[in-house]
file my_file_37.cif (mmCIF, C-alpha atoms and all ligand atoms)
data_query
loop_
_atom_site.label_atom_id
_atom_site.label_comp_id
_atom_site.auth_asym_id
_atom_site.auth_seq_id
_atom_site.Cartn_x
_atom_site.Cartn_y
_atom_site.Cartn_z
CA MET M 689 -13.01 3.62 -11.54
CA GLU M 690 -15.08 6.71 -10.69
CA VAL M 691 -15.43 6.53 -6.94
CA HIS M 692 -18.35 8.20 -5.19
CA ASN M 693 -19.19 5.91 -2.31
CA VAL M 694 -16.62 4.83 0.21
CA ASP M 695 -17.14 3.47 3.62
CA LEU M 696 -14.71 2.30 6.30
CA THR M 697 -16.35 -1.04 6.97
CA ILE M 698 -14.10 -2.22 9.75
CA SER M 699 -10.77 -1.68 11.45
CA ALA M 700 -9.96 -5.29 12.12
CA VAL M 701 -7.49 -6.77 14.56
CA ALA M 702 -8.59 -10.39 14.11
CA GLU M 703 -9.60 -12.69 11.28
CA LYS M 704 -13.15 -13.13 12.49
CA GLN M 705 -13.74 -9.40 11.96
CA TYR M 706 -12.86 -9.40 8.25
CA PRO M 707 -15.86 -8.54 6.08
CA ASN M 708 -18.04 -11.46 5.13
CA THR M 709 -18.20 -10.52 1.42
CA GLN M 710 -16.78 -11.84 -1.82
CA PHE M 711 -15.64 -8.48 -3.23
CA PRO M 712 -12.05 -8.54 -4.48
CA GLU M 713 -9.58 -6.99 -2.06
CA ILE M 714 -6.42 -5.01 -2.78
CA ALA M 715 -4.02 -4.49 0.12
CA LEU M 716 -1.64 -1.56 0.57
CA VAL M 717 1.59 -2.34 2.37
CA GLY M 718 4.77 -0.45 3.06
CA ARG M 719 6.88 1.08 5.76
CA SER M 720 5.32 3.23 8.38
CA ASN M 721 4.86 6.81 7.12
CA VAL M 722 5.58 5.90 3.48
CA GLY M 723 2.17 7.18 2.35
CA LYS M 724 -0.31 4.27 2.24
CA SER M 725 -3.22 6.22 3.66
CA SER M 726 -2.40 9.16 1.37
CA LEU M 727 -2.47 6.87 -1.68
CA THR M 728 -5.80 5.45 -0.54
CA ASN M 729 -7.22 8.98 -0.31
CA VAL M 730 -6.04 9.86 -3.83
CA LEU M 731 -7.52 6.69 -5.30
CA ILE M 732 -10.91 7.43 -3.74
CA ASN M 733 -10.83 11.18 -4.45
CA ARG M 734 -11.06 12.18 -0.81
CA ASN M 735 -8.73 14.44 1.08
CA LYS M 736 -8.87 13.02 4.53
CA PHE M 737 -10.89 9.84 4.48
CA ALA M 738 -8.08 7.50 5.46
CA ARG M 739 -6.23 9.04 8.39
CA THR M 740 -2.79 10.28 7.49
CA SER M 741 -0.20 11.52 9.90
CA SER M 742 3.34 12.81 10.04
CA GLN M 743 3.75 10.56 13.08
CA PRO M 744 4.69 7.07 11.93
CA GLY M 745 2.77 4.07 13.19
CA LYS M 746 -0.68 5.68 13.19
CA THR M 747 -2.49 2.92 11.40
CA GLN M 748 -2.50 -0.09 13.73
CA THR M 749 -5.36 -2.14 12.38
CA LEU M 750 -6.33 -3.68 9.05
CA ASN M 751 -8.67 -1.04 7.68
CA PHE M 752 -11.16 -2.31 5.12
CA TYR M 753 -12.48 0.44 2.86
CA ASN M 754 -15.53 -0.57 0.87
CA ILE M 755 -15.33 1.05 -2.57
CA GLU M 756 -18.69 1.28 -4.32
CA ASP M 757 -19.69 -2.20 -3.09
CA LYS M 758 -17.27 -3.52 -5.72
CA LEU M 759 -13.96 -3.84 -3.99
CA TYR M 760 -12.11 -3.35 -0.73
CA PHE M 761 -8.91 -1.46 -0.16
CA VAL M 762 -7.15 -2.89 2.84
CA ASP M 763 -4.81 -0.40 4.49
CA VAL M 764 -2.21 -2.49 6.30
CA PRO M 765 -0.30 -1.03 9.26
CA GLY M 766 3.22 0.01 8.33
CA TYR M 767 6.22 -2.19 9.05
CA GLY M 768 9.61 -1.13 10.28
CA TYR M 769 8.36 1.25 12.92
CA ALA M 770 11.39 1.34 15.18
CA LYS M 771 9.62 2.51 18.32
CA ALA M 772 7.06 -0.30 18.29
CA SER M 773 7.71 -2.89 20.99
CA LYS M 774 8.93 -6.36 20.06
CA ALA M 775 5.63 -7.85 21.24
CA SER M 776 3.58 -5.50 19.10
CA ARG M 777 5.82 -6.17 16.08
CA GLU M 778 5.30 -9.92 16.52
CA LYS M 779 1.56 -9.45 16.83
CA TRP M 780 1.65 -7.27 13.69
CA GLY M 781 3.58 -9.95 11.83
CA ARG M 782 1.09 -12.68 12.68
CA MET M 783 -1.92 -10.57 11.74
CA ILE M 784 -0.46 -9.52 8.38
CA GLU M 785 0.81 -12.99 7.56
CA THR M 786 -2.59 -14.53 8.22
CA TYR M 787 -4.34 -11.95 6.11
CA LEU M 788 -1.91 -12.00 3.17
CA THR M 789 -1.51 -15.76 2.94
CA LYS M 790 -5.02 -17.01 3.73
CA ARG M 791 -7.48 -14.46 2.42
CA GLU M 792 -9.06 -15.79 -0.77
CA GLN M 793 -10.58 -12.43 -1.69
CA LEU M 794 -7.12 -10.85 -1.84
CA LYS M 795 -6.35 -10.23 -5.54
CA GLY M 796 -3.19 -8.21 -5.26
CA VAL M 797 -0.92 -6.10 -3.10
CA ILE M 798 0.30 -2.59 -3.72
CA THR M 799 3.68 -2.17 -2.03
CA LEU M 800 4.79 1.38 -1.49
CA VAL M 801 8.38 2.49 -1.34
CA ASP M 802 9.73 5.99 -0.79
CA GLY M 803 10.68 7.19 -4.27
CA ARG M 804 13.39 9.46 -2.90
CA HIS M 805 15.62 6.67 -1.67
CA ALA M 806 16.72 3.13 -2.46
CA PRO M 807 14.28 0.56 -1.03
CA THR M 808 15.29 -0.47 2.50
CA ASP M 809 16.07 -4.00 3.69
CA ASP M 810 12.51 -4.16 5.08
CA ASP M 811 11.14 -3.21 1.65
CA ILE M 812 13.24 -5.91 0.01
CA SER M 813 12.14 -8.56 2.54
CA MET M 814 8.50 -7.66 2.08
CA HIS M 815 8.81 -7.83 -1.70
CA ASN M 816 10.55 -11.22 -1.60
CA TRP M 817 8.04 -12.56 0.89
CA LEU M 818 5.05 -11.56 -1.31
CA LYS M 819 6.75 -13.09 -4.34
CA TYR M 820 7.38 -16.31 -2.47
CA TYR M 821 3.63 -16.59 -1.81
CA ASN M 822 2.84 -15.79 -5.46
CA ILE M 823 0.83 -12.73 -4.51
CA PRO M 824 0.49 -10.33 -7.47
CA ILE M 825 2.44 -7.17 -6.64
CA LEU M 826 2.33 -3.61 -7.88
CA THR M 827 5.27 -1.58 -6.62
CA VAL M 828 4.53 2.12 -6.23
CA ALA M 829 7.29 4.65 -5.62
CA THR M 830 5.67 7.53 -3.81
CA LYS M 831 6.49 11.14 -2.78
CA MET M 832 7.86 11.68 -6.29
CA ASP M 833 6.88 15.37 -6.08
CA LYS M 834 9.94 15.72 -3.84
CA ILE M 835 12.23 14.70 -6.71
CA SER M 836 12.97 16.86 -9.71
CA GLY M 837 11.68 15.48 -13.00
CA GLY M 838 15.19 14.98 -14.34
CA LYS M 839 15.96 12.42 -11.63
CA TRP M 840 12.88 10.23 -12.03
CA ASN M 841 14.51 7.78 -14.46
CA LYS M 842 17.50 7.33 -12.21
CA GLN M 843 15.27 6.63 -9.20
CA GLU M 844 13.16 4.24 -11.24
CA SER M 845 16.26 2.23 -12.22
CA LEU M 846 17.57 2.25 -8.66
CA ILE M 847 14.29 0.87 -7.31
CA LYS M 848 14.06 -1.81 -10.00
CA LYS M 849 17.61 -2.86 -9.34
CA THR M 850 17.36 -2.88 -5.55
CA LEU M 851 14.11 -4.88 -5.51
CA GLN M 852 15.36 -7.03 -8.41
CA LEU M 853 12.16 -6.47 -10.34
CA ASP M 854 11.74 -8.62 -13.44
CA ALA M 855 10.74 -6.94 -16.70
CA ASN M 856 7.15 -8.09 -16.14
CA GLU M 857 6.87 -6.76 -12.58
CA PRO M 858 5.13 -3.38 -12.65
CA LEU M 859 6.51 -0.24 -11.01
CA ILE M 860 4.59 3.05 -11.01
CA MET M 861 5.99 6.41 -9.95
CA PHE M 862 3.40 8.29 -7.87
CA SER M 863 2.74 11.47 -5.94
CA ALA M 864 -0.18 12.06 -3.61
CA LEU M 865 0.38 15.78 -4.12
CA THR M 866 0.31 15.96 -7.92
CA LYS M 867 -1.63 12.66 -8.34
CA ALA M 868 0.90 11.52 -10.94
CA GLY M 869 0.47 7.79 -11.52
CA LYS M 870 -3.09 7.64 -10.19
CA ASN M 871 -4.72 6.43 -13.43
CA GLU M 872 -2.06 3.81 -14.03
CA ILE M 873 -2.56 2.46 -10.52
CA TRP M 874 -6.33 2.25 -11.11
CA ARG M 875 -5.73 0.37 -14.36
CA TRP M 876 -3.67 -2.23 -12.52
CA ILE M 877 -6.34 -2.57 -9.82
CA GLU M 878 -9.10 -2.98 -12.39
CA GLY M 879 -7.05 -5.66 -14.14
CA ARG M 880 -6.69 -7.55 -10.85
CA MET M 881 -10.44 -7.30 -10.10
CA LYS M 882 -11.26 -9.35 -13.19
CA ARG M 883 -9.25 -12.37 -12.11
P1 LIG B 901 1.23 4.71 8.71
O1 LIG B 901 -0.27 4.66 8.74
O2 LIG B 901 1.87 5.30 9.91
O3 LIG B 901 1.84 3.38 8.37
O4 LIG B 901 1.66 5.74 7.53
P2 LIG B 901 1.13 5.80 6.03
O5 LIG B 901 1.96 4.91 5.18
O6 LIG B 901 -0.34 5.61 5.96
O7 LIG B 901 1.53 7.29 5.63
P3 LIG B 901 0.58 8.57 5.47
O8 LIG B 901 -0.28 8.43 4.26
O9 LIG B 901 -0.08 8.87 6.76
O10 LIG B 901 1.68 9.69 5.11
C1 LIG B 901 2.75 10.00 5.97
C2 LIG B 901 3.25 11.42 5.70
O11 LIG B 901 3.78 11.53 4.38
C3 LIG B 901 2.13 12.48 5.79
O12 LIG B 901 2.67 13.64 6.37
C4 LIG B 901 1.76 12.71 4.33
O13 LIG B 901 1.24 14.00 4.09
C5 LIG B 901 3.11 12.54 3.63
N1 LIG B 901 2.96 12.07 2.24
C6 LIG B 901 2.34 10.92 1.83
N2 LIG B 901 2.39 10.80 0.48
C7 LIG B 901 3.04 11.90 0.01
C8 LIG B 901 3.42 12.36 -1.31
O14 LIG B 901 3.17 11.73 -2.35
N3 LIG B 901 4.11 13.54 -1.38
C9 LIG B 901 4.44 14.27 -0.26
N4 LIG B 901 5.13 15.39 -0.45
N5 LIG B 901 4.09 13.86 0.99
C10 LIG B 901 3.41 12.70 1.14
MG MG B 902 -1.73 4.98 7.40
#
call {"tool": "encode", "arguments": {"input": "my_file_37.cif", "output": "structure tokens"}}
result
Amino acid sequence: MEVHNVDLTISAVAEKQYPNTQFPEIALVGRSNVGKSSLTNVLINRNKFARTSSQPGKTQTLNFYNIEDKLYFVDVPGYGYAKASKASREKWGRMIETYLTKREQLKGVITLVDGRHAPTDDDISMHNWLKYYNIPILTVATKMDKISGGKWNKQESLIKKTLQLDANEPLIMFSALTKAGKNEIWRWIEGRMKR
């Protein structure tokens, strides 16, 4: 999709604040600092629209980005942020669970993993949890610019194996720096919007 108009509709902390629209929604989930906001910016052709930070745990709310009045990207706060208090992690868990399991407009979830390493236990749990709820998943391995081209295949296999991806579960290698994978990710999103 050619994106010209984007608008941060709301940073929600509670269900009653979610937008009252029927546009399809695509959520972005992944560990804190993995690159969710950076991916959002690449998809919408903006450098700094979604706030990115080298400090993990920046995004604390469900941020609904209205894309061309056709769809919402929902930037979900990162999990596995060690310094977050137990209480705030529990609150996070409830908010995310409510959104991901109850929201009818949600058409799919993009889960990001760090392409440089094997997916962590948190990544595996998140993947299994989404599968359990039958939520369509696109796995994106990001920061691939930090890996030499010759090692991409090896990383791809490692990620597939660690997450136990079936042959029909999509995995796209991505870089916010080079924008590799951007068009493929858009194709998946557009496919989900039609359901
Ligand atoms: P939280 O909001 O804290 O959950 O983090 P996030 O997942 O939104 O991560 P964010 O997009 O803020 O990126 C975290 C850091 O990783 C920033 O310093 C980004 O510049 C960097 N980063 C993100 N994607 C890439 C990438 O593809 N390549 C490289 N080299 N750096 C990246
Ligand atoms: Mg973020």
call {"tool": "residues_near_ligand", "arguments": {"input": "my_file_37.cif", "ligand": "ligand LIG 901 (chain B)", "cutoff": "10 Å", "atoms": "all atoms listed in the file", "output": "MDAnalysis selection string"}}
result
chainID M and resid 716:730 736 738:749 763:769 800:803 829:835 861:868
call {"tool": "residues_around", "arguments": {"input": "my_file_37.cif", "residues": "region 839-847 of chain M", "least_positions_apart": "3", "cutoff": "6 Å", "atoms": "only C-alpha atoms", "output": "ChimeraX atom specification"}}
result
/M:806,836,850
call {"tool": "write_last_selection", "arguments": {"input": "my_file_37.cif", "atoms": "C-alpha atoms", "output": "short mmCIF file (atom, residue, chain, number, x, y, z; two decimals), in the coordinates of the input"}}
result
data_model
loop_
_atom_site.label_atom_id
_atom_site.label_comp_id
_atom_site.auth_asym_id
_atom_site.auth_seq_id
_atom_site.Cartn_x
_atom_site.Cartn_y
_atom_site.Cartn_z
CA ALA M 806 16.72 3.13 -2.46
CA SER M 836 12.97 16.86 -9.71
CA THR M 850 17.36 -2.88 -5.55
#
call {"tool": "residues_around", "arguments": {"input": "my_file_37.cif", "residues": "region 871-873 of chain M", "least_positions_apart": "5", "cutoff": "9 Å", "atoms": "only C-alpha atoms", "output": "PDB file with C-alpha atoms, in the frame of the given file"}}
result
ATOM      1  CA  MET M 689     -13.010   3.620 -11.540  1.00  0.00           C
ATOM      2  CA  LEU M 731      -7.520   6.690  -5.300  1.00  0.00           C
ATOM      3  CA  ILE M 798       0.300  -2.590  -3.720  1.00  0.00           C
ATOM      4  CA  LEU M 826       2.330  -3.610  -7.880  1.00  0.00           C
ATOM      5  CA  VAL M 828       4.530   2.120  -6.230  1.00  0.00           C
ATOM      6  CA  ILE M 860       4.590   3.050 -11.010  1.00  0.00           C
ATOM      7  CA  PHE M 862       3.400   8.290  -7.870  1.00  0.00           C
ATOM      8  CA  GLU M 878      -9.100  -2.980 -12.390  1.00  0.00           C
TER       9      GLU M 878
END
call {"tool": "closest_residue", "arguments": {"input": "my_file_37.cif", "among": "M:Lys870, M:Lys819, M:Arg734, M:Lys774", "to": "Asp695 (chain M)", "atoms": "only C-alpha atoms"}}
result
M:Arg734
call {"tool": "atom_distance", "arguments": {"input": "my_file_37.cif", "atom1": "CA of Thr697 (chain M)", "atom2": "CA of Phe752 (chain M)"}}
result
5.7 Å
call {"tool": "closest_residue", "arguments": {"input": "my_file_37.cif", "among": "M:Pro824, M:Asp757, M:Val691, M:Glu703", "to": "Arg782 (chain M)", "atoms": "all atoms listed in the file"}}
result
M:Glu703
call {"tool": "atom_distance", "arguments": {"input": "my_file_37.cif", "atom1": "CA of Pro707 (chain M)", "atom2": "CA of Gly869 (chain M)"}}
result
29.0 Å
call {"tool": "atom_distance", "arguments": {"input": "my_file_37.cif", "atom1": "CA of Thr786 (chain M)", "atom2": "CA of Ala700 (chain M)"}}
result
12.4 Å
call {"tool": "closest_residue", "arguments": {"input": "my_file_37.cif", "among": "M:Trp780, M:Phe737, M:Phe711, M:Tyr820", "to": "ligand MG 902 (chain B)", "atoms": "only C-alpha atoms and all ligand atoms"}}
result
M:Phe737
call {"tool": "closest_residue", "arguments": {"input": "my_file_37.cif", "among": "M:Arg777, M:Asn751, M:Asn856, M:Phe761", "to": "ligand MG 902 (chain B)", "atoms": "all atoms listed in the file"}}
result
M:Asn751
call {"tool": "closest_residue", "arguments": {"input": "my_file_37.cif", "among": "M:Ser699, M:Ser773, M:Asn693, M:Thr709", "to": "ligand MG 902 (chain B)", "atoms": "all atoms listed in the file"}}
result
M:Ser699
call {"tool": "closest_residue", "arguments": {"input": "my_file_37.cif", "among": "M:Val762, M:Asn708, M:Leu859, M:Thr808", "to": "ligand MG 902 (chain B)", "atoms": "all atoms listed in the file"}}
result
M:Val762
call {"tool": "residues_around", "arguments": {"input": "my_file_37.cif", "residues": "Glu792 (chain M)", "least_positions_apart": "3", "cutoff": "10 Å", "atoms": "all atoms listed in the file", "output": "list in words"}}
result
Gln710, Pro712, Glu713, Tyr787, Leu788, Thr789 and Lys795 of chain M
call {"tool": "residues_near_point", "arguments": {"input": "my_file_37.cif", "point": "(5.8, -9.4, -1.6)", "cutoff": "8 Å", "atoms": "only C-alpha atoms", "output": "PDB file with C-alpha atoms, in the frame of the given file"}}
result
ATOM      1  CA  VAL M 797      -0.920  -6.100  -3.100  1.00  0.00           C
ATOM      2  CA  THR M 799       3.680  -2.170  -2.030  1.00  0.00           C
ATOM      3  CA  SER M 813      12.140  -8.560   2.540  1.00  0.00           C
ATOM      4  CA  MET M 814       8.500  -7.660   2.080  1.00  0.00           C
ATOM      5  CA  HIS M 815       8.810  -7.830  -1.700  1.00  0.00           C
ATOM      6  CA  ASN M 816      10.550 -11.220  -1.600  1.00  0.00           C
ATOM      7  CA  TRP M 817       8.040 -12.560   0.890  1.00  0.00           C
ATOM      8  CA  LEU M 818       5.050 -11.560  -1.310  1.00  0.00           C
ATOM      9  CA  LYS M 819       6.750 -13.090  -4.340  1.00  0.00           C
ATOM     10  CA  TYR M 820       7.380 -16.310  -2.470  1.00  0.00           C
ATOM     11  CA  TYR M 821       3.630 -16.590  -1.810  1.00  0.00           C
ATOM     12  CA  ILE M 823       0.830 -12.730  -4.510  1.00  0.00           C
ATOM     13  CA  PRO M 824       0.490 -10.330  -7.470  1.00  0.00           C
ATOM     14  CA  ILE M 825       2.440  -7.170  -6.640  1.00  0.00           C
TER      15      ILE M 825
END
